[in-house]
Each structure stands twice: as structure tokens, then as C-alpha cells.
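K.L.:
Structure supplied as query-v1.txt; contents: compact mmCIF, C-alpha atoms.
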# COMPACT_ATOMS: atom_id res chain seq x y z
CA MET E 1 10.93 15.05 -10.08
CA LYS E 2 11.25 11.28 -10.30
CA GLY E 3 8.00 10.91 -8.32
CA THR E 4 6.21 13.27 -10.68
CA ALA E 5 7.49 11.32 -13.65
CA ILE E 6 6.22 8.05 -12.17
CA ILE E 7 2.79 9.55 -11.42
CA LEU E 8 2.50 10.95 -14.94
CA LEU E 9 3.50 7.58 -16.34
CA VAL E 10 0.93 5.81 -14.17
CA LEU E 11 -1.81 8.27 -15.10
CA GLY E 12 -1.03 7.99 -18.78
CA THR E 13 -1.10 4.18 -18.87
CA PRO E 14 -4.86 3.53 -19.12
CA LEU E 15 -5.22 6.02 -21.99
CA VAL E 16 -2.59 4.23 -24.03
CA GLN E 17 -3.99 0.75 -23.49
CA ALA E 18 -7.68 1.15 -24.36
CA ALA E 19 -9.11 -1.91 -26.09
CA THR E 20 -12.41 -3.66 -26.65
CA PRO E 21 -13.44 -6.87 -24.85
CA GLY E 22 -13.37 -8.61 -28.23
CA GLU E 23 -9.73 -7.61 -28.81
CA ILE E 24 -8.68 -8.78 -25.35
CA LEU E 25 -10.54 -12.08 -25.83
CA ALA E 26 -8.87 -12.51 -29.24
CA SER E 27 -5.42 -12.08 -27.71
CA TYR E 28 -6.12 -14.74 -25.02
CA ARG E 29 -7.56 -17.00 -27.71
CA ALA E 30 -4.48 -16.57 -29.87
CA GLU E 31 -2.23 -17.38 -26.92
CA ALA E 32 -4.30 -20.48 -26.07
CA THR E 33 -4.23 -21.64 -29.69
CA ARG E 34 -0.43 -21.43 -29.70
CA VAL E 35 -0.37 -23.84 -26.74
CA SER E 36 -3.00 -26.22 -28.13
CA PRO E 37 -3.75 -25.65 -31.85
CA GLY E 38 -7.30 -27.06 -31.84
CA TYR E 39 -8.49 -24.77 -29.04
CA ARG E 40 -11.84 -22.98 -29.33
CA PRO E 41 -13.29 -20.76 -26.54
CA SER E 42 -16.22 -22.46 -24.83
CA VAL E 43 -19.17 -20.80 -23.06
CA ALA E 44 -19.83 -24.04 -21.17
CA GLN E 45 -16.20 -24.26 -19.96
CA GLY E 46 -16.34 -20.60 -18.94
CA ALA E 47 -19.61 -21.09 -17.05
CA HIS E 48 -18.11 -24.10 -15.29
CA LEU E 49 -15.02 -22.12 -14.26
CA TYR E 50 -17.22 -19.20 -13.12
CA GLY E 51 -19.49 -21.30 -10.89
CA ARG E 52 -17.04 -23.96 -9.71
CA GLN E 53 -16.51 -24.24 -5.95
CA PHE E 54 -12.72 -24.45 -5.84
CA GLY E 55 -12.67 -24.25 -2.05
CA VAL E 56 -9.02 -23.09 -2.06
CA SER E 57 -9.95 -19.95 -0.12
CA GLU E 58 -12.40 -20.55 2.70
CA LYS E 59 -13.95 -17.09 2.37
CA MET E 60 -13.80 -16.96 -1.44
CA PRO E 61 -14.42 -20.46 -2.82
CA ALA E 62 -15.84 -19.38 -6.22
CA CYS E 63 -16.07 -16.43 -8.65
CA SER E 64 -19.86 -16.49 -8.23
CA GLY E 65 -19.42 -15.92 -4.47
CA CYS E 66 -18.86 -12.19 -5.00
CA HIS E 67 -20.01 -11.73 -8.60
CA THR E 68 -23.31 -13.69 -8.11
CA ALA E 69 -24.47 -16.55 -10.33
CA ARG E 70 -25.11 -14.07 -13.16
CA PRO E 71 -22.25 -11.85 -14.44
CA SER E 72 -24.77 -9.24 -15.68
CA GLN E 73 -25.87 -8.58 -12.10
CA PRO E 74 -24.09 -6.32 -9.60
CA GLY E 75 -22.08 -8.30 -7.05
CA ARG E 76 -21.19 -7.90 -3.42
CA HIS E 77 -17.75 -8.44 -1.84
CA VAL E 78 -18.20 -11.29 0.66
CA VAL E 79 -15.65 -9.83 3.10
CA THR E 80 -16.10 -6.04 2.86
CA ASP E 81 -19.78 -6.11 1.80
CA LYS E 82 -18.98 -3.42 -0.80
CA ALA E 83 -20.98 -3.34 -4.04
CA ILE E 84 -19.18 -4.69 -7.14
CA LYS E 85 -20.21 -3.45 -10.58
CA PRO E 86 -21.40 -6.15 -13.02
CA LEU E 87 -18.68 -8.16 -14.77
CA ALA E 88 -20.57 -8.42 -18.06
CA PRO E 89 -19.61 -5.69 -20.58
CA THR E 90 -23.28 -5.59 -21.68
CA ALA E 91 -24.15 -4.32 -18.20
CA ASN E 92 -20.96 -2.36 -17.49
CA ALA E 93 -19.16 -0.85 -20.48
CA GLU E 94 -15.92 -0.30 -18.50
CA ARG E 95 -15.27 -4.04 -18.16
CA PHE E 96 -12.50 -5.69 -20.24
CA THR E 97 -11.32 -2.47 -21.89
CA ASP E 98 -7.81 -2.26 -20.37
CA PRO E 99 -5.58 -5.31 -21.06
CA ALA E 100 -3.23 -4.53 -18.14
CA LYS E 101 -6.13 -4.25 -15.71
CA VAL E 102 -7.75 -7.45 -17.02
CA GLU E 103 -4.44 -9.30 -16.66
CA LYS E 104 -3.91 -7.88 -13.15
CA TRP E 105 -7.32 -9.00 -11.89
CA PHE E 106 -7.10 -12.45 -13.51
CA ARG E 107 -3.73 -12.87 -11.78
CA ARG E 108 -4.99 -11.69 -8.38
CA ASN E 109 -8.31 -13.49 -8.38
CA CYS E 110 -7.14 -16.75 -10.00
CA THR E 111 -4.27 -16.99 -7.51
CA GLU E 112 -6.66 -16.53 -4.61
CA VAL E 113 -9.75 -18.44 -5.77
CA VAL E 114 -8.31 -21.15 -8.08
CA GLY E 115 -5.06 -21.41 -6.14
CA ARG E 116 -2.86 -20.78 -9.20
CA GLU E 117 -2.71 -18.46 -12.18
CA CYS E 118 -5.24 -19.20 -14.91
CA SER E 119 -4.20 -20.37 -18.38
CA ALA E 120 -4.91 -18.29 -21.49
CA ALA E 121 -7.54 -20.88 -22.46
CA GLU E 122 -9.30 -20.52 -19.09
CA LYS E 123 -9.24 -16.72 -19.43
CA ALA E 124 -10.70 -16.92 -22.96
CA ASP E 125 -13.41 -19.38 -21.81
CA PHE E 126 -14.23 -17.16 -18.84
CA MET E 127 -14.48 -14.04 -21.00
CA THR E 128 -16.61 -15.83 -23.60
CA PHE E 129 -19.09 -16.81 -20.90
CA VAL E 130 -19.10 -13.38 -19.21
CA MET E 131 -19.49 -11.55 -22.53
CA GLU E 132 -22.69 -13.50 -23.23
CA GLY E 133 -24.22 -11.13 -20.67
CA ARG E 134 -26.31 -13.70 -18.82
CA MET J 1 28.18 12.28 26.42
CA HIS J 2 25.49 10.60 28.50
CA LYS J 3 22.66 8.17 27.92
CA ILE J 4 19.74 10.57 27.63
CA LEU J 5 16.01 10.29 26.88
CA VAL J 6 15.36 11.54 23.32
CA TRP J 7 12.26 9.81 21.88
CA ASP J 8 9.01 10.14 23.84
CA TRP J 9 6.36 7.39 24.02
CA PRO J 10 4.06 8.75 21.26
CA VAL J 11 6.99 8.91 18.81
CA ARG J 12 8.13 5.37 19.62
CA ILE J 13 4.69 3.72 19.74
CA GLY J 14 3.62 5.59 16.60
CA HIS J 15 6.80 4.50 14.78
CA TRP J 16 6.33 0.80 15.52
CA MET J 17 2.60 1.01 14.76
CA LEU J 18 3.53 2.33 11.31
CA VAL J 19 6.05 -0.48 10.85
CA GLY J 20 3.50 -3.14 11.82
CA ALA J 21 0.61 -1.64 9.84
CA PHE J 22 2.74 -1.12 6.72
CA ALA J 23 4.01 -4.71 6.86
CA LEU J 24 0.41 -5.95 7.26
CA ALA J 25 -0.81 -3.70 4.43
CA TRP J 26 1.96 -4.92 2.12
CA LEU J 27 1.37 -8.61 2.91
CA SER J 28 -2.39 -8.28 2.39
CA SER J 29 -2.18 -6.12 -0.73
CA GLU J 30 -2.75 -8.93 -3.26
CA SER J 31 -5.64 -10.57 -1.42
CA GLU J 32 -9.39 -10.01 -1.50
CA ALA J 33 -9.99 -12.19 1.57
CA TRP J 34 -7.70 -9.81 3.49
CA ARG J 35 -9.13 -6.63 1.93
CA LEU J 36 -10.82 -5.46 5.15
CA VAL J 37 -7.60 -6.00 7.11
CA HIS J 38 -5.70 -4.12 4.40
CA ALA J 39 -8.07 -1.12 4.65
CA CYS J 40 -7.80 -1.12 8.46
CA ALA J 41 -3.99 -1.22 8.23
CA GLY J 42 -4.07 1.77 5.86
CA GLY J 43 -6.47 3.62 8.15
CA THR J 44 -4.22 2.93 11.12
CA MET J 45 -1.26 4.39 9.22
CA ALA J 46 -3.27 7.50 8.29
CA GLY J 47 -4.35 7.92 11.92
CA VAL J 48 -0.79 7.63 13.22
CA VAL J 49 0.47 10.18 10.67
CA ILE J 50 -2.34 12.66 11.42
CA PHE J 51 -1.45 12.42 15.12
CA ARG J 52 2.25 12.77 14.27
CA LEU J 53 1.61 16.03 12.39
CA PHE J 54 -0.09 17.42 15.49
CA TRP J 55 2.64 15.97 17.74
CA GLY J 56 5.25 17.60 15.52
CA VAL J 57 3.94 20.95 16.72
CA VAL J 58 3.08 20.32 20.38
CA GLY J 59 5.25 17.27 21.17
CA THR J 60 8.55 17.02 23.01
CA ARG J 61 11.68 18.77 21.76
CA HIS J 62 13.08 16.23 19.28
CA ALA J 63 9.60 15.30 18.01
CA ARG J 64 8.94 18.85 16.77
CA PHE J 65 9.31 19.62 13.08
CA ALA J 66 10.97 22.92 14.00
CA SER J 67 13.79 20.97 15.68
CA PHE J 68 14.67 18.69 12.75
CA VAL J 69 13.45 20.16 9.43
CA ARG J 70 16.51 21.71 7.76
CA GLY J 71 17.31 22.84 4.24
CA PRO J 72 18.64 20.49 1.54
CA GLY J 73 22.13 21.96 1.97
CA ALA J 74 22.26 20.85 5.61
CA ALA J 75 21.11 17.36 4.62
CA LEU J 76 23.81 17.06 1.93
CA ALA J 77 26.50 18.36 4.29
CA TYR J 78 25.44 15.77 6.88
CA VAL J 79 25.59 12.88 4.40
CA ARG J 80 29.04 14.03 3.16
CA GLY J 81 30.21 14.29 6.78
CA LEU J 82 29.35 10.62 7.39
CA ALA J 83 32.28 9.59 5.20
CA THR J 84 34.79 11.53 7.31
CA ASP J 85 36.68 10.45 10.44
CA SER J 86 34.50 12.62 12.68
CA PRO J 87 30.92 12.28 11.43
CA PRO J 88 28.62 15.05 12.76
CA HIS J 89 26.48 13.74 15.61
CA VAL J 90 22.90 14.95 16.03
CA VAL J 91 20.86 13.99 19.09
CA GLY J 92 17.41 13.98 17.42
CA HIS J 93 16.74 13.39 13.72
CA ASN J 94 19.77 14.33 11.63
CA PRO J 95 19.14 16.76 8.70
CA ALA J 96 19.03 13.89 6.13
CA GLY J 97 16.81 11.78 8.39
CA GLY J 98 14.47 14.77 8.76
CA TRP J 99 13.83 14.76 5.02
CA ALA J 100 13.19 11.02 5.15
CA ILE J 101 10.63 11.57 7.92
CA LEU J 102 8.80 14.23 5.87
CA ALA J 103 8.80 12.03 2.76
CA LEU J 104 7.57 9.01 4.76
CA LEU J 105 4.77 10.99 6.40
CA GLY J 106 3.71 12.60 3.10
CA LEU J 107 3.79 9.36 1.09
CA THR J 108 1.89 7.53 3.83
CA LEU J 109 -0.89 10.13 3.78
CA LEU J 110 -1.10 10.13 -0.03
CA SER J 111 -0.98 6.35 -0.24
CA ALA J 112 -3.70 6.01 2.41
CA ALA J 113 -5.88 8.67 0.76
CA SER J 114 -5.62 7.03 -2.68
CA GLY J 115 -6.32 3.65 -1.04
CA TRP J 116 -9.48 5.07 0.51
CA PHE J 117 -10.70 6.03 -2.96
CA VAL J 118 -9.96 2.52 -4.25
CA TYR J 119 -11.82 0.96 -1.32
CA GLN J 120 -14.86 3.19 -1.95
CA ASP J 121 -14.66 2.26 -5.65
CA ALA J 122 -14.61 6.00 -6.27
CA GLY J 123 -11.55 6.54 -8.44
CA GLY J 124 -11.56 3.69 -10.96
CA THR J 125 -8.35 2.37 -12.51
CA TRP J 126 -6.85 5.82 -12.01
CA ALA J 127 -6.99 5.51 -8.21
CA GLU J 128 -5.87 1.84 -8.32
CA ASP J 129 -2.74 2.68 -10.30
CA LEU J 130 -2.01 5.79 -8.24
CA HIS J 131 -2.37 3.78 -5.00
CA GLU J 132 0.03 1.09 -6.25
CA GLY J 133 2.54 3.69 -7.45
CA LEU J 134 2.48 5.69 -4.22
CA SER J 135 2.70 2.54 -2.07
CA SER J 136 5.72 1.32 -4.05
CA MET J 137 7.34 4.73 -3.61
CA LEU J 138 6.60 4.48 0.13
CA LEU J 139 8.26 1.04 0.25
CA GLY J 140 11.28 2.52 -1.54
CA MET J 141 11.42 5.36 0.97
CA VAL J 142 11.17 2.89 3.87
CA LEU J 143 14.13 0.93 2.47
CA LEU J 144 16.12 4.16 2.06
CA HIS J 145 15.19 5.15 5.64
CA VAL J 146 16.33 1.76 6.98
CA ALA J 147 19.58 2.00 4.99
CA GLY J 148 20.16 5.48 6.43
CA VAL J 149 19.51 4.23 9.96
CA LEU J 150 22.00 1.37 9.52
CA LEU J 151 24.58 3.74 8.02
CA GLY J 152 24.07 6.25 10.85
CA SER J 153 24.31 3.46 13.44
CA LEU J 154 27.64 2.32 12.00
CA ALA J 155 29.04 5.85 11.62
CA HIS J 156 28.23 6.76 15.22
CA ARG J 157 28.66 3.27 16.71
CA GLU J 158 25.22 3.65 18.23
CA ASN J 159 22.28 1.26 17.85
CA LEU J 160 19.60 3.61 16.47
CA VAL J 161 17.03 0.80 16.10
CA HIS J 162 17.36 0.04 19.80
CA ALA J 163 17.00 3.76 20.53
CA MET J 164 13.59 3.74 18.82
CA PHE J 165 12.53 1.05 21.34
CA SER J 166 14.11 2.43 24.52
CA GLY J 167 13.94 6.13 23.71
CA PHE J 168 17.55 6.60 24.89
CA LYS J 169 20.49 7.88 22.82
CA GLN J 170 23.97 9.22 23.49
CA GLY J 171 24.09 12.98 23.95
CA PRO J 172 24.86 15.91 26.23
CA ALA J 173 22.66 16.08 29.35
CA HIS J 174 21.07 19.39 28.31
CA ALA J 175 19.64 17.79 25.13
CA ALA J 176 17.48 15.32 27.06
CA ILE J 177 13.69 15.60 27.15
CA ALA J 178 12.19 15.89 30.64
CA THR J 179 9.47 13.24 30.42
CA ALA J 180 8.49 10.45 28.03
CA ARG J 181 4.84 11.72 27.87
CA PRO J 182 2.97 8.38 28.14
CA LEU J 183 -0.56 9.84 28.30
CA PRO J 184 -0.73 11.30 24.75
CA VAL J 185 -0.32 7.70 23.55
CA LEU J 186 -4.02 7.34 24.36
CA VAL J 187 -4.78 10.13 21.87
CA LEU J 188 -2.53 8.41 19.30
CA LEU J 189 -4.36 5.09 19.77
CA GLY J 190 -7.75 6.80 19.62
CA CYS J 191 -6.79 8.54 16.40
CA ALA J 192 -5.49 5.29 14.85
CA VAL J 193 -8.57 3.27 15.85
CA LEU J 194 -10.95 5.96 14.60
CA CYS J 195 -9.18 6.18 11.23
CA ALA J 196 -8.97 2.38 10.89
CA TRP J 197 -12.70 2.14 11.59
CA TRP J 198 -13.51 4.96 9.19
CA PHE J 199 -11.37 3.47 6.40
CA ALA J 200 -13.24 0.16 6.72
CA GLN J 201 -16.68 1.79 6.21
The structure in this file should be written as C-alpha cells.

P.N.:
Amino acid sequence: MKGTAIILLVLGTPLVQAATPGEILASYRAEATRVSPGYRPSVAQGAHLYGRQFGVSEKMPACSGCHTARPSQPGRHVVTDKAIKPLAPTANAERFTDPAKVEKWFRRNCTEVVGRECSAAEKADFMTFVMEGR
Amino acid sequence: MHKILVWDWPVRIGHWMLVGAFALAWLSSESEAWRLVHACAGGTMAGVVIFRLFWGVVGTRHARFASFVRGPGAALAYVRGLATDSPPHVVGHNPAGGWAILALLGLTLLSAASGWFVYQDAGGTWAEDLHEGLSSMLLGMVLLHVAGVLLGSLAHRENLVHAMFSGFKQGPAHAAIATARPLPVLVLLGCAVLCAWWFAQ
């Protein structure tokens, strides 16, 4: 019974949390502005973050390693060689529509590639760049 | 009461393979660099469980489902009995432990299956969330299983963890299994390797 309840809860979660990329970006922007009032999301900062060779993980030094230099293009996992759907919402409408999922993957991938969790400002910059659909 | 052989080789090797693979899967669960290892660990677990289902029908006496799957009433009576001065002693899996085994096997299969869908990018967020939920439930079941083993060890003053290494437990001579069946371990390993390979495709 408890198991069933947990599964139902898990299955119901994505339906409840649907959002648009713009709404998710706005919430990161608002959070970043609380920390530093003059903050404005920057495509250039996002592009820099996206392409930067952090070198923290030997196999996964940069976002662009798996997601390619262009977020609108399909990527390839450097370890498993599995295809990765494009990050850009213009090329893949499923991207950035579930705040919990966005937060989960920022946490996982920032921890591994950047070596720490990303700030709200970094997330907003990253999203601003990716949403350009280059 | 004598020191008798209870757990055959496939049961023991399979058990510790599950322990190792689950630990590896848990430790690698948050990492993309370890994603291939994670999938192989999950495949190994699926392979061991598939073999165990088959071994539960054709294996040695105490490995067979028919010898340890009891109703919920028997399990409750056993747990209540642990608190008394003369706790009921069972040579193989006790009735409560039997339910833990079934839950562990079932959750492992479901967790591995949902993980396969995630790895194939076939189930979307749905499969991701299901896989995380099932794996957390499996971890909870493992902790409950370990707690039960420690409780049983104390109640019977018998090291049940050691028994899962050596295969020997205390019991009447007639309850012993005749041989430890080393050869089917090759089938177990083949099954695990095949599943690990298949999961990584």
C-alpha cells in the first residue's frame, strides 16, 4: 500500500510541475537578483559557462563535451555513446519544462563538471544562452 | 544441534554479488562519468535475480521458494516469537526473512527494469522518477533486511552474516543439504555477465 502510494506520488509529480522555460528562467533570475540586486542574465556569460573546460572531471571536462558546441544540436554521451536530445527548447520542446527536473540535472551536472553546485545566476546565464537556440 | 551446511554456493555467491553490485550502483548513481558502470551493476543485479528465480525452483532444499515462502500470519508469529525467552529457530530462511527475500528480489527486478528504460532514454522523466523511487524502496528494504539479520543473530546467538559466507548454520543433522553445488555458480556468473553486457548496450 505504501509502495503504491509512493509510485502514484512519483507519477503525479511531473503533471503538477509543468512550466515554461521562460518561467523557470525567471525564477532563477529572481533568486540571483536577491543575491546581487544589479544582476542581469547574460548570453555571453552563459556561453562561457557552456564551453568552458573546467577539467574537474577527466572524462567530462565541459558541458559542450556531451552536448556539442551548439545546444540546438543532438549530443552524444562521451562515456556511454548514447544519443542525447538537444538542450535548446527551440529544438526539443521537452527541455526546461519541469522545475524539479531542471534543478536535479543542474545539481548533478554542475557537481560533476564544475566541481560544485551552480549559483542561480550561473543557471540563469546558462539558460539564457541555451534558449537562444544556437 | 550440529553445524550443518545450509546455504549452497550459488545462494552465497549470488547474495554477495548483489551486495557488491547494489553498493556500486548506489555510489555511481549521481555520476555521468560512472553511468556505464552503473548500468553494468544494475544488469548484474538483474542477472543474479533471474538466476535466483530459477534456482528457487531447482536449487538445494533451503534455496527453494517452496521451503521458505509462508503466509503473513507465519511471518507475524515468528517476529512476535523473537521477543520471547525461546525464539523459534528456523534452519533456512525464517518466515519473516522469506518475505524480505521476495520483496528484495521483486524490487531489484523492477528497479533494474526501470533503470534499463532510463538508460535507453525510452521512458522520459516518468522512468527516471520511477527508477529513483524503486531504488530508494530497495535501499529501505535492504536496511530492513540487515536489521532483521542482526535481530535474528542476537535472538539465536548465531552469526547469520558469517553463515552467508561459510554456508554453515546450527541445526539438526537431517536438515543439512548434501552438497554445496559449486558448478551452477558458472551458470549464475554467465547469467550476470550476459545481463550486465546487455544492460550496457

K.L.:
Leaving out Val78 (chain E) and any residue of its chain fewer than 6 positions from it, which residues lie within 8 Å of it when counting all atoms listed in the file, given as a list in words?

P.N.:
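The neighbour list is Lys59, Met60, Gly65 and Cys66 of chain E.
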
K.L.:
Wanna dump the chain J-chain E contacts at 10 Å for me, each residue with its shortest atom pair and the distance in Å to one decimal, counting only C-alpha atoms, ordered by chain and number, as a Markdown table?

P.N.:
| residue | atom | partner | partner_atom | distance |
| --- | --- | --- | --- | --- |
| J:Ser29 | CA | E:Arg108 | CA | 9.9 |
| J:Glu30 | CA | E:Arg108 | CA | 6.2 |
| J:Ser31 | CA | E:Glu112 | CA | 6.8 |
| J:Glu32 | CA | E:Glu112 | CA | 7.7 |
| J:Ala33 | CA | E:Val79 | CA | 6.3 |
| J:Trp34 | CA | E:Val79 | CA | 8.0 |
| J:Arg35 | CA | E:Thr80 | CA | 7.1 |
| J:Leu36 | CA | E:Thr80 | CA | 5.8 |
| J:Val37 | CA | E:Thr80 | CA | 9.5 |
| J:Ala39 | CA | E:Thr80 | CA | 9.6 |
| J:Tyr119 | CA | E:Lys82 | CA | 8.4 |
| J:Gln120 | CA | E:Lys82 | CA | 7.9 |
| J:Asp121 | CA | E:Ile84 | CA | 8.4 |
| J:Gly124 | CA | E:Glu94 | CA | 9.6 |
| J:Thr125 | CA | E:Pro14 | CA | 7.6 |
| J:Trp126 | CA | E:Leu11 | CA | 6.4 |
| J:Ala127 | CA | E:Leu11 | CA | 9.1 |
| J:Glu128 | CA | E:Lys101 | CA | 9.6 |
| J:Asp129 | CA | E:Val10 | CA | 6.2 |
| J:Leu130 | CA | E:Val10 | CA | 6.6 |
| J:His131 | CA | E:Val10 | CA | 10.0 |
| J:Glu132 | CA | E:Val10 | CA | 9.3 |
| J:Gly133 | CA | E:Ile7 | CA | 7.1 |
| J:Leu134 | CA | E:Ile7 | CA | 8.2 |
| J:Met137 | CA | E:Gly3 | CA | 7.8 |
| J:Ala200 | CA | E:Thr80 | CA | 7.8 |
| J:Gln201 | CA | E:Thr80 | CA | 8.5 |

K.L.:
One number please: CA of Ala96 (chain J) to CA of Ala21 (chain J), in Å, one decimal.

P.N.:
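Between CA of Ala96 (chain J) and CA of Ala21 (chain J) the gap is 24.4 Å.
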
K.L.:
Which residue is closest to Val102 (chain E)? Choose from E:His48, E:Arg76, E:Lys123, E:Arg34 and count all atoms listed in the file.

P.N.:
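Of the candidates, the smallest distance to Val102 (chain E) is held by E:Lys123.
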
K.L.:
Just the number, please: distance in Å from CA of Ser72 (chain E) to CA of Gly133 (chain E), one decimal.

P.N.:
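Computing it gives 5.4 Å between the two atoms.
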
K.L.:
With a distance cut-off of 10 Å and only C-alpha atoms, select the neighbouring residues of Val185 (chain J), excluding the residue or stretch itself and same-chain residues fewer than 3 positions from it, and output the selection as an NGL selection string.

P.N.:
:J and (8-14 or 51 or 181-182 or 188-191)

K.L.:
What does the distance between CA of Leu107 (chain J) and CA of His145 (chain J) come to in Å, to one decimal place?

P.N.:
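Between these atoms lies a distance of 13.0 Å.
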
K.L.:
Give me the residues within 9 Å of Gln170 (chain J) as a VMD selection string, counting only C-alpha atoms and dropping any in the same chain fewer than 5 places off.

P.N.:
chain J and resid 1 to 6 91 158

K.L.:
Please identify all polymer residues within 6 Å of region 17-30 of chain E, counting all atoms listed in the file, omitting same-chain residues fewer than 4 positions from it, and present them as a VMD selection string.

P.N.:
chain E and resid 96 to 98 120 124

K.L.:
Show me, as JSON, the centre and edge lengths in Å to one decimal of the axis-aligned box that covers every listed atom of region 148-157 of chain J with 6 Å on each side.

P.N.:
{"center_x": 24.3, "center_y": 4.1, "center_z": 11.6, "size_x": 21.5, "size_y": 17.4, "size_z": 22.3}

K.L.:
Could you check which of J:Ser67, J:Asn94, J:Ser114, J:Ser136 is closest to Leu160 (chain J), using only C-alpha atoms?

P.N.:
J:Asn94

K.L.:
Calculated over all atoms listed in the file, which of the candidates E:Val130, E:Ala44, E:Ala93, E:Val56 has the smallest distance to Val114 (chain E)?

P.N.:
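That would be E:Val56, the residue with the smallest distance to Val114 (chain E).
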
K.L.:
Name the closest residue to Lys169 (chain J) among the candidates J:Val142, J:Val90, J:Leu183, J:Leu150; distances are taken between atoms, counting all atoms listed in the file.

P.N.:
J:Val90

K.L.:
Name all residues at most 8 Å from Thr108 (chain J) (count all atoms listed in the file; drop same-chain ones fewer than 2 positions away) and give them as a list in words.

P.N.:
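That gives Met45, Ala46, Val49, Leu104, Leu105, Gly106, Leu110, Ser111, Ala112, Ser135 and Leu138 of chain J.
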
K.L.:
Go ahead and save the picked residues with C-alpha atoms, as a short mmCIF file (atom, residue, chain, number, x, y, z; two decimals), keeping the file's coordinate frame.

P.N.:
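Okay, again.cif is ready:
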data_model
loop_
_atom_site.label_atom_id
_atom_site.label_comp_id
_atom_site.auth_asym_id
_atom_site.auth_seq_id
_atom_site.Cartn_x
_atom_site.Cartn_y
_atom_site.Cartn_z
CA MET J 45 -1.26 4.39 9.22
CA ALA J 46 -3.27 7.50 8.29
CA VAL J 49 0.47 10.18 10.67
CA LEU J 104 7.57 9.01 4.76
CA LEU J 105 4.77 10.99 6.40
CA GLY J 106 3.71 12.60 3.10
CA LEU J 110 -1.10 10.13 -0.03
CA SER J 111 -0.98 6.35 -0.24
CA ALA J 112 -3.70 6.01 2.41
CA SER J 135 2.70 2.54 -2.07
CA LEU J 138 6.60 4.48 0.13
#
